[in-house]
$ cat my_file-v5.pdb   # PDB, C-alpha atoms and all ligand atoms
ATOM      1  CA  MET P  23      20.727  41.502   7.814  1.00  0.00           C
ATOM      2  CA  PRO P  24      22.336  44.568   9.449  1.00  0.00           C
ATOM      3  CA  LYS P  25      26.063  44.879   8.925  1.00  0.00           C
ATOM      4  CA  LEU P  26      28.890  47.000  10.241  1.00  0.00           C
ATOM      5  CA  ILE P  27      31.739  47.920   7.915  1.00  0.00           C
ATOM      6  CA  ILE P  28      35.034  49.257   9.228  1.00  0.00           C
ATOM      7  CA  LEU P  29      35.939  52.289   7.098  1.00  0.00           C
ATOM      8  CA  GLY P  30      39.169  53.044   8.934  1.00  0.00           C
ATOM      9  CA  SER P  31      41.179  51.392  11.695  1.00  0.00           C
ATOM     10  CA  SER P  32      44.249  53.555  12.292  1.00  0.00           C
ATOM     11  CA  THR P  33      45.257  55.792  15.186  1.00  0.00           C
ATOM     12  CA  ASN P  34      45.554  59.511  14.446  1.00  0.00           C
ATOM     13  CA  ILE P  35      48.486  58.732  12.086  1.00  0.00           C
ATOM     14  CA  PRO P  36      46.974  56.812   9.149  1.00  0.00           C
ATOM     15  CA  ASP P  37      48.829  55.019   6.345  1.00  0.00           C
ATOM     16  CA  GLU P  38      47.901  54.073   2.765  1.00  0.00           C
ATOM     17  CA  HIS P  39      46.095  50.919   3.970  1.00  0.00           C
ATOM     18  CA  HIS P  40      44.525  52.250   7.171  1.00  0.00           C
ATOM     19  CA  GLU P  41      42.342  55.361   7.263  1.00  0.00           C
ATOM     20  CA  ASN P  42      41.631  57.028  10.641  1.00  0.00           C
ATOM     21  CA  THR P  43      39.120  55.057  12.686  1.00  0.00           C
ATOM     22  CA  HIS P  44      35.469  55.217  11.628  1.00  0.00           C
ATOM     23  CA  MET P  45      32.747  52.775  10.596  1.00  0.00           C
ATOM     24  CA  VAL P  46      29.262  52.510   9.130  1.00  0.00           C
ATOM     25  CA  LEU P  47      26.228  50.535  10.265  1.00  0.00           C
ATOM     26  CA  VAL P  48      23.946  49.503   7.417  1.00  0.00           C
ATOM     27  CA  GLY P  49      20.389  48.340   8.129  1.00  0.00           C
ATOM     28  CA  HIS P  50      17.373  47.947   5.866  1.00  0.00           C
ATOM     29  CA  ASP P  51      15.947  51.326   6.947  1.00  0.00           C
ATOM     30  CA  ARG P  52      18.936  53.425   7.996  1.00  0.00           C
ATOM     31  CA  MET P  53      22.627  53.878   7.236  1.00  0.00           C
ATOM     32  CA  ILE P  54      24.527  55.273  10.216  1.00  0.00           C
ATOM     33  CA  LEU P  55      28.044  56.632   9.921  1.00  0.00           C
ATOM     34  CA  ILE P  56      30.020  56.476  13.158  1.00  0.00           C
ATOM     35  CA  ASP P  57      32.588  59.289  12.997  1.00  0.00           C
ATOM     36  CA  GLY P  58      33.849  60.766   9.732  1.00  0.00           C
ATOM     37  CA  PRO P  59      37.538  61.644   9.309  1.00  0.00           C
ATOM     38  CA  GLY P  60      39.280  62.004   5.930  1.00  0.00           C
ATOM     39  CA  ASN P  61      36.802  61.920   3.066  1.00  0.00           C
ATOM     40  CA  PRO P  62      33.791  59.852   4.185  1.00  0.00           C
ATOM     41  CA  PHE P  63      31.975  60.435   0.862  1.00  0.00           C
ATOM     42  CA  VAL P  64      34.723  58.575  -1.007  1.00  0.00           C
ATOM     43  CA  ARG P  65      35.141  56.013   1.772  1.00  0.00           C
ATOM     44  CA  LEU P  66      31.437  55.029   1.672  1.00  0.00           C
ATOM     45  CA  ARG P  67      31.704  54.525  -2.094  1.00  0.00           C
ATOM     46  CA  GLN P  68      34.891  52.475  -1.668  1.00  0.00           C
ATOM     47  CA  ALA P  69      32.899  50.249   0.702  1.00  0.00           C
ATOM     48  CA  GLY P  70      30.344  49.728  -2.094  1.00  0.00           C
ATOM     49  CA  LEU P  71      27.699  51.886  -0.414  1.00  0.00           C
ATOM     50  CA  ASP P  72      25.430  54.560  -1.854  1.00  0.00           C
ATOM     51  CA  GLU P  73      26.024  57.748   0.158  1.00  0.00           C
ATOM     52  CA  LYS P  74      22.483  58.896  -0.739  1.00  0.00           C
ATOM     53  CA  LYS P  75      21.195  56.251   1.695  1.00  0.00           C
ATOM     54  CA  LEU P  76      23.044  57.807   4.627  1.00  0.00           C
ATOM     55  CA  THR P  77      20.488  58.792   7.277  1.00  0.00           C
ATOM     56  CA  ASP P  78      22.489  59.436  10.445  1.00  0.00           C
ATOM     57  CA  ILE P  79      25.924  60.361  11.742  1.00  0.00           C
ATOM     58  CA  ILE P  80      26.994  59.577  15.300  1.00  0.00           C
ATOM     59  CA  MET P  81      30.070  61.538  16.384  1.00  0.00           C
ATOM     60  CA  THR P  82      32.023  60.030  19.295  1.00  0.00           C
ATOM     61  CA  HIS P  83      34.130  63.134  20.038  1.00  0.00           C
ATOM     62  CA  PHE P  84      35.523  66.288  18.495  1.00  0.00           C
ATOM     63  CA  HIS P  85      39.026  65.229  17.460  1.00  0.00           C
ATOM     64  CA  PRO P  86      40.062  65.717  13.822  1.00  0.00           C
ATOM     65  CA  ASP P  87      40.990  62.044  13.337  1.00  0.00           C
ATOM     66  CA  HIS P  88      37.318  61.274  14.062  1.00  0.00           C
ATOM     67  CA  VAL P  89      35.176  64.103  12.651  1.00  0.00           C
ATOM     68  CA  SER P  90      37.224  66.353  10.341  1.00  0.00           C
ATOM     69  CA  GLY P  91      35.554  64.961   7.181  1.00  0.00           C
ATOM     70  CA  ILE P  92      31.981  65.686   8.219  1.00  0.00           C
ATOM     71  CA  PRO P  93      31.759  69.231   6.755  1.00  0.00           C
ATOM     72  CA  LEU P  94      33.144  67.880   3.479  1.00  0.00           C
ATOM     73  CA  LEU P  95      30.627  65.023   3.535  1.00  0.00           C
ATOM     74  CA  LEU P  96      27.723  67.451   4.083  1.00  0.00           C
ATOM     75  CA  MET P  97      28.930  69.571   1.183  1.00  0.00           C
ATOM     76  CA  ALA P  98      29.428  66.618  -1.180  1.00  0.00           C
ATOM     77  CA  VAL P  99      26.065  64.931  -0.485  1.00  0.00           C
ATOM     78  CA  GLY P 100      24.281  68.290  -0.700  1.00  0.00           C
ATOM     79  CA  LEU P 101      25.844  69.214  -4.020  1.00  0.00           C
ATOM     80  CA  SER P 102      25.023  65.755  -5.383  1.00  0.00           C
ATOM     81  CA  GLY P 103      21.360  66.564  -4.920  1.00  0.00           C
ATOM     82  CA  ARG P 104      20.399  65.370  -1.452  1.00  0.00           C
ATOM     83  CA  LYS P 105      17.079  66.781  -0.227  1.00  0.00           C
ATOM     84  CA  GLU P 106      16.383  64.389   2.671  1.00  0.00           C
ATOM     85  CA  ASN P 107      17.003  65.344   6.254  1.00  0.00           C
ATOM     86  CA  LEU P 108      20.143  63.993   8.009  1.00  0.00           C
ATOM     87  CA  ASN P 109      20.429  63.316  11.759  1.00  0.00           C
ATOM     88  CA  ILE P 110      23.659  64.124  13.552  1.00  0.00           C
ATOM     89  CA  PHE P 111      24.224  62.862  17.098  1.00  0.00           C
ATOM     90  CA  GLY P 112      26.984  64.006  19.423  1.00  0.00           C
ATOM     91  CA  ASN P 113      27.579  65.061  23.003  1.00  0.00           C
ATOM     92  CA  HIS P 114      27.172  68.750  23.854  1.00  0.00           C
ATOM     93  CA  HIS P 115      30.905  69.479  23.501  1.00  0.00           C
ATOM     94  CA  CYS P 116      31.166  67.847  20.085  1.00  0.00           C
ATOM     95  CA  LEU P 117      27.977  69.386  18.661  1.00  0.00           C
ATOM     96  CA  GLU P 118      28.914  72.880  19.797  1.00  0.00           C
ATOM     97  CA  LEU P 119      32.344  72.672  18.162  1.00  0.00           C
ATOM     98  CA  MET P 120      30.972  71.041  14.990  1.00  0.00           C
ATOM     99  CA  HIS P 121      28.535  73.971  14.727  1.00  0.00           C
ATOM    100  CA  LYS P 122      31.469  76.382  15.032  1.00  0.00           C
ATOM    101  CA  LEU P 123      33.426  74.454  12.407  1.00  0.00           C
ATOM    102  CA  LEU P 124      30.471  74.525   9.999  1.00  0.00           C
ATOM    103  CA  GLU P 125      30.002  78.243  10.672  1.00  0.00           C
ATOM    104  CA  SER P 126      33.700  78.797   9.903  1.00  0.00           C
ATOM    105  CA  TYR P 127      33.067  77.131   6.540  1.00  0.00           C
ATOM    106  CA  GLU P 128      30.048  79.476   6.112  1.00  0.00           C
ATOM    107  CA  TRP P 129      27.896  76.423   5.511  1.00  0.00           C
ATOM    108  CA  GLY P 130      24.786  78.602   5.174  1.00  0.00           C
ATOM    109  CA  THR P 131      26.110  79.582   1.738  1.00  0.00           C
ATOM    110  CA  TRP P 132      26.353  76.013   0.388  1.00  0.00           C
ATOM    111  CA  HIS P 133      24.292  73.708   2.502  1.00  0.00           C
ATOM    112  CA  SER P 134      21.054  72.588   0.876  1.00  0.00           C
ATOM    113  CA  PHE P 135      19.188  70.067   3.058  1.00  0.00           C
ATOM    114  CA  SER P 136      18.097  70.055   6.685  1.00  0.00           C
ATOM    115  CA  VAL P 137      20.296  68.639   9.431  1.00  0.00           C
ATOM    116  CA  ASP P 138      18.870  67.715  12.845  1.00  0.00           C
ATOM    117  CA  PHE P 139      21.400  67.954  15.647  1.00  0.00           C
ATOM    118  CA  ASN P 140      20.664  65.628  18.571  1.00  0.00           C
ATOM    119  CA  THR P 141      22.509  66.025  21.856  1.00  0.00           C
ATOM    120  CA  ILE P 142      23.707  62.843  23.571  1.00  0.00           C
ATOM    121  CA  PRO P 143      23.508  63.352  27.351  1.00  0.00           C
ATOM    122  CA  GLU P 144      26.458  62.519  29.628  1.00  0.00           C
ATOM    123  CA  LYS P 145      24.559  59.542  30.975  1.00  0.00           C
ATOM    124  CA  LYS P 146      25.564  55.907  31.449  1.00  0.00           C
ATOM    125  CA  LYS P 147      23.945  53.416  29.067  1.00  0.00           C
ATOM    126  CA  HIS P 148      21.779  56.112  27.541  1.00  0.00           C
ATOM    127  CA  PHE P 149      19.289  54.738  25.002  1.00  0.00           C
ATOM    128  CA  LEU P 150      20.005  56.815  21.918  1.00  0.00           C
ATOM    129  CA  VAL P 151      17.858  55.429  19.122  1.00  0.00           C
ATOM    130  CA  GLU P 152      16.400  52.269  17.612  1.00  0.00           C
ATOM    131  CA  ALA P 153      17.499  52.124  13.978  1.00  0.00           C
ATOM    132  CA  ALA P 154      19.210  49.838  11.444  1.00  0.00           C
ATOM    133  CA  GLY P 155      17.838  46.769  13.208  1.00  0.00           C
ATOM    134  CA  CYS P 156      19.261  47.543  16.643  1.00  0.00           C
ATOM    135  CA  LYS P 157      18.951  49.564  19.792  1.00  0.00           C
ATOM    136  CA  ILE P 158      21.899  51.905  20.258  1.00  0.00           C
ATOM    137  CA  PHE P 159      23.161  52.914  23.708  1.00  0.00           C
ATOM    138  CA  THR P 160      25.947  55.341  24.656  1.00  0.00           C
ATOM    139  CA  SER P 161      28.065  55.948  27.758  1.00  0.00           C
ATOM    140  CA  PRO P 162      30.731  58.546  28.484  1.00  0.00           C
ATOM    141  CA  VAL P 163      34.239  57.042  28.284  1.00  0.00           C
ATOM    142  CA  LYS P 164      37.604  58.385  29.495  1.00  0.00           C
ATOM    143  CA  HIS P 165      39.409  60.502  26.892  1.00  0.00           C
ATOM    144  CA  PHE P 166      40.994  63.977  26.854  1.00  0.00           C
ATOM    145  CA  ILE P 167      37.666  65.557  25.922  1.00  0.00           C
ATOM    146  CA  PRO P 168      34.041  64.382  26.381  1.00  0.00           C
ATOM    147  CA  THR P 169      33.738  61.151  24.367  1.00  0.00           C
ATOM    148  CA  ILE P 170      31.166  58.383  24.047  1.00  0.00           C
ATOM    149  CA  GLY P 171      31.404  54.620  23.672  1.00  0.00           C
ATOM    150  CA  LEU P 172      28.601  52.685  21.957  1.00  0.00           C
ATOM    151  CA  ARG P 173      26.596  49.490  22.412  1.00  0.00           C
ATOM    152  CA  PHE P 174      24.377  48.003  19.692  1.00  0.00           C
ATOM    153  CA  GLU P 175      21.756  45.380  20.572  1.00  0.00           C
ATOM    154  CA  PHE P 176      20.472  43.735  17.397  1.00  0.00           C
ATOM    155  CA  SER P 177      16.829  42.731  17.674  1.00  0.00           C
ATOM    156  CA  GLN P 178      16.628  39.919  15.118  1.00  0.00           C
ATOM    157  CA  SER P 179      19.811  37.987  15.909  1.00  0.00           C
ATOM    158  CA  GLY P 180      20.050  38.963  19.578  1.00  0.00           C
ATOM    159  CA  LYS P 181      23.725  39.773  18.948  1.00  0.00           C
ATOM    160  CA  VAL P 182      25.506  42.614  20.739  1.00  0.00           C
ATOM    161  CA  LEU P 183      28.344  44.797  19.496  1.00  0.00           C
ATOM    162  CA  ALA P 184      30.267  47.350  21.573  1.00  0.00           C
ATOM    163  CA  TYR P 185      32.715  50.010  20.366  1.00  0.00           C
ATOM    164  CA  SER P 186      34.972  51.938  22.740  1.00  0.00           C
ATOM    165  CA  SER P 187      35.947  54.943  20.603  1.00  0.00           C
ATOM    166  CA  ASP P 188      39.021  56.617  22.192  1.00  0.00           C
ATOM    167  CA  THR P 189      39.379  55.817  25.862  1.00  0.00           C
ATOM    168  CA  ALA P 190      41.604  54.855  28.736  1.00  0.00           C
ATOM    169  CA  PRO P 191      40.319  51.792  30.606  1.00  0.00           C
ATOM    170  CA  THR P 192      37.024  52.629  32.285  1.00  0.00           C
ATOM    171  CA  GLN P 193      34.295  50.753  34.129  1.00  0.00           C
ATOM    172  CA  ASN P 194      31.769  52.506  31.870  1.00  0.00           C
ATOM    173  CA  MET P 195      33.201  50.562  28.913  1.00  0.00           C
ATOM    174  CA  VAL P 196      33.098  47.283  30.840  1.00  0.00           C
ATOM    175  CA  SER P 197      29.388  47.887  31.553  1.00  0.00           C
ATOM    176  CA  LEU P 198      28.681  48.982  27.986  1.00  0.00           C
ATOM    177  CA  ALA P 199      30.382  45.863  26.556  1.00  0.00           C
ATOM    178  CA  LYS P 200      28.887  43.417  29.091  1.00  0.00           C
ATOM    179  CA  ASP P 201      28.460  39.950  27.480  1.00  0.00           C
ATOM    180  CA  ALA P 202      28.798  41.426  23.960  1.00  0.00           C
ATOM    181  CA  ASP P 203      29.406  39.083  21.025  1.00  0.00           C
ATOM    182  CA  ILE P 204      31.961  41.505  19.633  1.00  0.00           C
ATOM    183  CA  LEU P 205      33.928  44.254  21.347  1.00  0.00           C
ATOM    184  CA  ILE P 206      35.819  46.634  19.078  1.00  0.00           C
ATOM    185  CA  HIS P 207      38.267  48.352  21.413  1.00  0.00           C
ATOM    186  CA  GLU P 208      40.960  50.904  20.748  1.00  0.00           C
ATOM    187  CA  ALA P 209      44.628  49.982  21.237  1.00  0.00           C
ATOM    188  CA  ALA P 210      46.457  53.228  20.576  1.00  0.00           C
ATOM    189  CA  GLY P 211      48.898  52.593  23.427  1.00  0.00           C
ATOM    190  CA  GLU P 212      48.834  53.250  27.150  1.00  0.00           C
ATOM    191  CA  SER P 213      48.376  56.957  27.947  1.00  0.00           C
ATOM    192  CA  PRO P 214      45.941  59.034  30.034  1.00  0.00           C
ATOM    193  CA  GLY P 215      43.268  59.077  27.277  1.00  0.00           C
ATOM    194  CA  HIS P 216      43.988  55.805  25.472  1.00  0.00           C
ATOM    195  CA  SER P 217      44.442  52.075  26.075  1.00  0.00           C
ATOM    196  CA  SER P 218      47.131  49.548  25.266  1.00  0.00           C
ATOM    197  CA  ALA P 219      46.251  46.216  23.652  1.00  0.00           C
ATOM    198  CA  LEU P 220      46.782  44.603  27.069  1.00  0.00           C
ATOM    199  CA  GLN P 221      44.288  47.018  28.630  1.00  0.00           C
ATOM    200  CA  ALA P 222      41.813  46.332  25.792  1.00  0.00           C
ATOM    201  CA  GLY P 223      42.220  42.634  26.648  1.00  0.00           C
ATOM    202  CA  GLU P 224      41.531  43.386  30.311  1.00  0.00           C
ATOM    203  CA  ILE P 225      38.303  45.204  29.403  1.00  0.00           C
ATOM    204  CA  ALA P 226      37.257  42.308  27.122  1.00  0.00           C
ATOM    205  CA  ASP P 227      37.910  39.862  29.963  1.00  0.00           C
ATOM    206  CA  LYS P 228      36.021  41.899  32.578  1.00  0.00           C
ATOM    207  CA  ALA P 229      33.070  42.419  30.222  1.00  0.00           C
ATOM    208  CA  ASN P 230      33.001  38.694  29.342  1.00  0.00           C
ATOM    209  CA  VAL P 231      32.787  39.373  25.596  1.00  0.00           C
ATOM    210  CA  LYS P 232      32.893  36.560  23.008  1.00  0.00           C
ATOM    211  CA  ALA P 233      35.433  38.178  20.654  1.00  0.00           C
ATOM    212  CA  LEU P 234      37.782  41.166  20.708  1.00  0.00           C
ATOM    213  CA  TYR P 235      38.789  43.272  17.709  1.00  0.00           C
ATOM    214  CA  LEU P 236      41.520  45.861  18.200  1.00  0.00           C
ATOM    215  CA  ILE P 237      41.137  49.208  16.427  1.00  0.00           C
ATOM    216  CA  HIS P 238      42.755  52.666  16.448  1.00  0.00           C
ATOM    217  CA  TYR P 239      46.161  50.982  16.564  1.00  0.00           C
ATOM    218  CA  PRO P 240      49.546  52.234  15.316  1.00  0.00           C
ATOM    219  CA  THR P 241      49.968  51.566  11.579  1.00  0.00           C
ATOM    220  CA  GLY P 242      52.749  52.053   9.031  1.00  0.00           C
ATOM    221  CA  GLY P 243      54.361  48.605   9.035  1.00  0.00           C
ATOM    222  CA  PHE P 244      53.766  47.922  12.714  1.00  0.00           C
ATOM    223  CA  ASP P 245      53.763  44.198  13.661  1.00  0.00           C
ATOM    224  CA  TYR P 246      50.175  43.588  14.769  1.00  0.00           C
ATOM    225  CA  GLN P 247      50.985  40.140  16.174  1.00  0.00           C
ATOM    226  CA  ILE P 248      52.653  41.952  19.086  1.00  0.00           C
ATOM    227  CA  LEU P 249      49.341  43.642  19.904  1.00  0.00           C
ATOM    228  CA  ILE P 250      47.372  40.408  19.632  1.00  0.00           C
ATOM    229  CA  LYS P 251      49.863  38.624  21.930  1.00  0.00           C
ATOM    230  CA  GLU P 252      49.661  41.531  24.376  1.00  0.00           C
ATOM    231  CA  ALA P 253      45.841  41.450  24.506  1.00  0.00           C
ATOM    232  CA  ALA P 254      45.944  37.644  24.851  1.00  0.00           C
ATOM    233  CA  GLN P 255      47.794  38.014  28.175  1.00  0.00           C
ATOM    234  CA  ALA P 256      44.541  39.308  29.661  1.00  0.00           C
ATOM    235  CA  TYR P 257      41.798  37.823  27.458  1.00  0.00           C
ATOM    236  CA  ARG P 258      41.396  34.151  26.478  1.00  0.00           C
ATOM    237  CA  GLY P 259      38.795  34.575  23.707  1.00  0.00           C
ATOM    238  CA  PRO P 260      39.479  35.163  20.004  1.00  0.00           C
ATOM    239  CA  ILE P 261      41.382  38.378  19.177  1.00  0.00           C
ATOM    240  CA  ALA P 262      41.804  39.982  15.743  1.00  0.00           C
ATOM    241  CA  MET P 263      42.680  43.317  14.177  1.00  0.00           C
ATOM    242  CA  ALA P 264      39.816  45.437  12.810  1.00  0.00           C
ATOM    243  CA  GLU P 265      41.157  46.102   9.303  1.00  0.00           C
ATOM    244  CA  ASP P 266      39.711  48.638   6.851  1.00  0.00           C
ATOM    245  CA  PHE P 267      36.638  47.283   5.010  1.00  0.00           C
ATOM    246  CA  LEU P 268      36.207  44.343   7.360  1.00  0.00           C
ATOM    247  CA  GLU P 269      32.495  43.513   7.589  1.00  0.00           C
ATOM    248  CA  PHE P 270      30.478  42.091  10.477  1.00  0.00           C
ATOM    249  CA  GLU P 271      26.951  40.749  10.005  1.00  0.00           C
ATOM    250  CA  PHE P 272      24.390  40.870  12.776  1.00  0.00           C
TER     251      PHE P 272
HETATM  252 ZN    ZN P 301      40.484  61.216  20.243  1.00  0.00          ZN
END
$ encode --input "my_file-v5.pdb" --output "structure tokens"
Amino acid sequence: MPKLIILGSSTNIPDEHHENTHMVLVGHDRMILIDGPGNPFVRLRQAGLDEKKLTDIIMTHFHPDHVSGIPLLLMAVGLSGRKENLNIFGNHHCLELMHKLLESYEWGTWHSFSVDFNTIPEKKKHFLVEAAGCKIFTSPVKHFIPTIGLRFEFSQSGKVLAYSSDTAPTQNMVSLAKDADILIHEAAGESPGHSSALQAGEIADKANVKALYLIHYPTGGFDYQILIKEAAQAYRGPIAMAEDFLEFEF
């Protein structure tokens, strides 16, 4: 059964219990990392996964709290003997800057397996790939730089998961999350490129989702009940915090 594991749930300021936001989708055929801050190689192992099985990386946007660990991950898996190809997906902006970052690290001198870069178009509900037991769709969301949100439609269970990445409230996210079983939505706080927990609740309500998980929230001893109460002002369904290493089965 495909599963999603939260590898990090914090905003850009992590703490010892909350890594920056990223997650991994594990299916029988593919293992797909969604963003990679910090040290994803170690994080995958901490989640009990074998990093050799990683097949794809989807980058939501080029901010360090989402993708800074990807060069390190490529180096570590390469030096541990990987020969298989790896797919990396990102929008044009993110791929171009990741290329520049890898060039700055002179990755030609250490990188040992082939990487396919796949551009995600700036298109609403774009069908990206069918892998890990689901169809994956992307839409542009509303952040400081080009950013994508994601929708996963699982073929066997019929379940649907949506993930906002970093975004201010946007109709694109409502459409992407429409009737989802689970919406994982950011709650960094109200600002031009982010959402408050109340706004995440409003999106969950408009999209008619069955459950809301808040992610990318302030950590470091923050009282999460405040966020849950805030989201509950707009959304009547179940609300929980997406904690590190929480697992969802689909
Ligand atoms: Zn961001």
$ atom_distance --input "my_file-v5.pdb" --atom1 "atom CA of Glu224 of chain P" --atom2 "atom CA of Leu268 of chain P"
23.6 Å
$ resolve_selection --input "my_file-v5.pdb" --expression "the PyMOL selection byres (((chain P and resi 206) around 7) and not hetatm)" --output "list in words"
Ala184, Tyr185, Ser186, Ile204, Leu205, His207, Glu208, Leu234, Tyr235, Leu236 and Ile237 of chain P
$ write_last_selection --input "my_file-v5.pdb" --atoms "C-alpha atoms" --output "PDB file, keeping the file's coordinate frame"
ATOM      1  CA  ALA P 184      30.267  47.350  21.573  1.00  0.00           C
ATOM      2  CA  TYR P 185      32.715  50.010  20.366  1.00  0.00           C
ATOM      3  CA  SER P 186      34.972  51.938  22.740  1.00  0.00           C
ATOM      4  CA  ILE P 204      31.961  41.505  19.633  1.00  0.00           C
ATOM      5  CA  LEU P 205      33.928  44.254  21.347  1.00  0.00           C
ATOM      6  CA  HIS P 207      38.267  48.352  21.413  1.00  0.00           C
ATOM      7  CA  GLU P 208      40.960  50.904  20.748  1.00  0.00           C
ATOM      8  CA  LEU P 234      37.782  41.166  20.708  1.00  0.00           C
ATOM      9  CA  TYR P 235      38.789  43.272  17.709  1.00  0.00           C
ATOM     10  CA  LEU P 236      41.520  45.861  18.200  1.00  0.00           C
ATOM     11  CA  ILE P 237      41.137  49.208  16.427  1.00  0.00           C
TER      12      ILE P 237
END
$ residues_near_ligand --input "my_file-v5.pdb" --ligand "ligand ZN 301 (chain P)" --cutoff "10 Å" --atoms "all atoms listed in the file" --output "mmCIF file with C-alpha atoms, in the coordinates of the input"
data_model
loop_
_atom_site.group_PDB
_atom_site.id
_atom_site.type_symbol
_atom_site.label_atom_id
_atom_site.label_comp_id
_atom_site.auth_asym_id
_atom_site.auth_seq_id
_atom_site.Cartn_x
_atom_site.Cartn_y
_atom_site.Cartn_z
ATOM 1 C CA THR P 33 45.257 55.792 15.186
ATOM 2 C CA ASN P 34 45.554 59.511 14.446
ATOM 3 C CA THR P 43 39.120 55.057 12.686
ATOM 4 C CA THR P 82 32.023 60.030 19.295
ATOM 5 C CA HIS P 83 34.130 63.134 20.038
ATOM 6 C CA PHE P 84 35.523 66.288 18.495
ATOM 7 C CA HIS P 85 39.026 65.229 17.460
ATOM 8 C CA PRO P 86 40.062 65.717 13.822
ATOM 9 C CA ASP P 87 40.990 62.044 13.337
ATOM 10 C CA HIS P 88 37.318 61.274 14.062
ATOM 11 C CA VAL P 89 35.176 64.103 12.651
ATOM 12 C CA HIS P 165 39.409 60.502 26.892
ATOM 13 C CA PHE P 166 40.994 63.977 26.854
ATOM 14 C CA ILE P 167 37.666 65.557 25.922
ATOM 15 C CA PRO P 168 34.041 64.382 26.381
ATOM 16 C CA THR P 169 33.738 61.151 24.367
ATOM 17 C CA SER P 187 35.947 54.943 20.603
ATOM 18 C CA ASP P 188 39.021 56.617 22.192
ATOM 19 C CA THR P 189 39.379 55.817 25.862
ATOM 20 C CA ALA P 210 46.457 53.228 20.576
ATOM 21 C CA GLY P 215 43.268 59.077 27.277
ATOM 22 C CA HIS P 216 43.988 55.805 25.472
ATOM 23 C CA HIS P 238 42.755 52.666 16.448
#
$ closest_residue --input "my_file-v5.pdb" --among "P:Leu94, P:Val99, P:Ala154, P:Met81" --to "Asp51 of chain P" --atoms "all atoms listed in the file"
P:Ala154
$ resolve_selection --input "my_file-v5.pdb" --expression "the PyMOL selection byres (((chain P and resi 245-252) around 7) and not hetatm)" --output "list in words"
Ala219, Leu220, Gly243, Phe244, Ala253, Ala254, Gln255, Ile261 and Ala262 of chain P
$ closest_residue --input "my_file-v5.pdb" --among "P:Asn194, P:Ser90, P:Ser102, P:Asn42" --to "Leu172 of chain P" --atoms "only C-alpha atoms"
P:Asn194
$ resolve_selection --input "my_file-v5.pdb" --expression "the PyMOL selection byres (((chain P and resi 160) around 7) and not hetatm)" --output "ChimeraX atom specification"
/P:146-150,158-159,161-162,170-173
$ axis_aligned_box --input "my_file-v5.pdb" --around "segment 212-228 of chain P" --padding-each-side "8 Å" --output "AutoDock Vina command-line options"
--center_x 42.4 --center_y 49.5 --center_z 28.1 --size_x 28.8 --size_y 35.2 --size_z 24.9
$ atom_distance --input "my_file-v5.pdb" --atom1 "atom CA of Ser197 of chain P" --atom2 "atom CA of Phe176 of chain P"
17.2 Å
$ closest_residue --input "my_file-v5.pdb" --among "P:Ala202, P:Met195, P:Leu47, P:Leu124" --to "Val182 of chain P" --atoms "all atoms listed in the file"
P:Ala202
$ residues_around --input "my_file-v5.pdb" --residues "segment 127-132 of chain P" --least-positions-apart "4" --cutoff "12 Å" --atoms "all atoms listed in the file" --output "compact mmCIF listing (two decimals) with C-alpha atoms, in the frame of the given file"
# COMPACT_ATOMS: atom_id res chain seq x y z
CA ILE P 92 31.98 65.69 8.22
CA PRO P 93 31.76 69.23 6.76
CA LEU P 94 33.14 67.88 3.48
CA LEU P 95 30.63 65.02 3.54
CA LEU P 96 27.72 67.45 4.08
CA MET P 97 28.93 69.57 1.18
CA ALA P 98 29.43 66.62 -1.18
CA VAL P 99 26.06 64.93 -0.48
CA GLY P 100 24.28 68.29 -0.70
CA LEU P 101 25.84 69.21 -4.02
CA SER P 102 25.02 65.76 -5.38
CA GLY P 103 21.36 66.56 -4.92
CA MET P 120 30.97 71.04 14.99
CA HIS P 121 28.54 73.97 14.73
CA LYS P 122 31.47 76.38 15.03
CA LEU P 123 33.43 74.45 12.41
CA SER P 136 18.10 70.06 6.68
CA VAL P 137 20.30 68.64 9.43
$ closest_residue --input "my_file-v5.pdb" --among "P:Arg52, P:Glu41, P:Glu73, P:Gly211" --to "Ala153 of chain P" --atoms "only C-alpha atoms"
P:Arg52
$ atom_distance --input "my_file-v5.pdb" --atom1 "atom CA of Ile28 of chain P" --atom2 "atom CA of His114 of chain P"
25.6 Å
$ closest_residue --input "my_file-v5.pdb" --among "P:Tyr257, P:Val163, P:Ile79, P:Leu183" --to "Ser217 of chain P" --atoms "all atoms listed in the file"
P:Val163
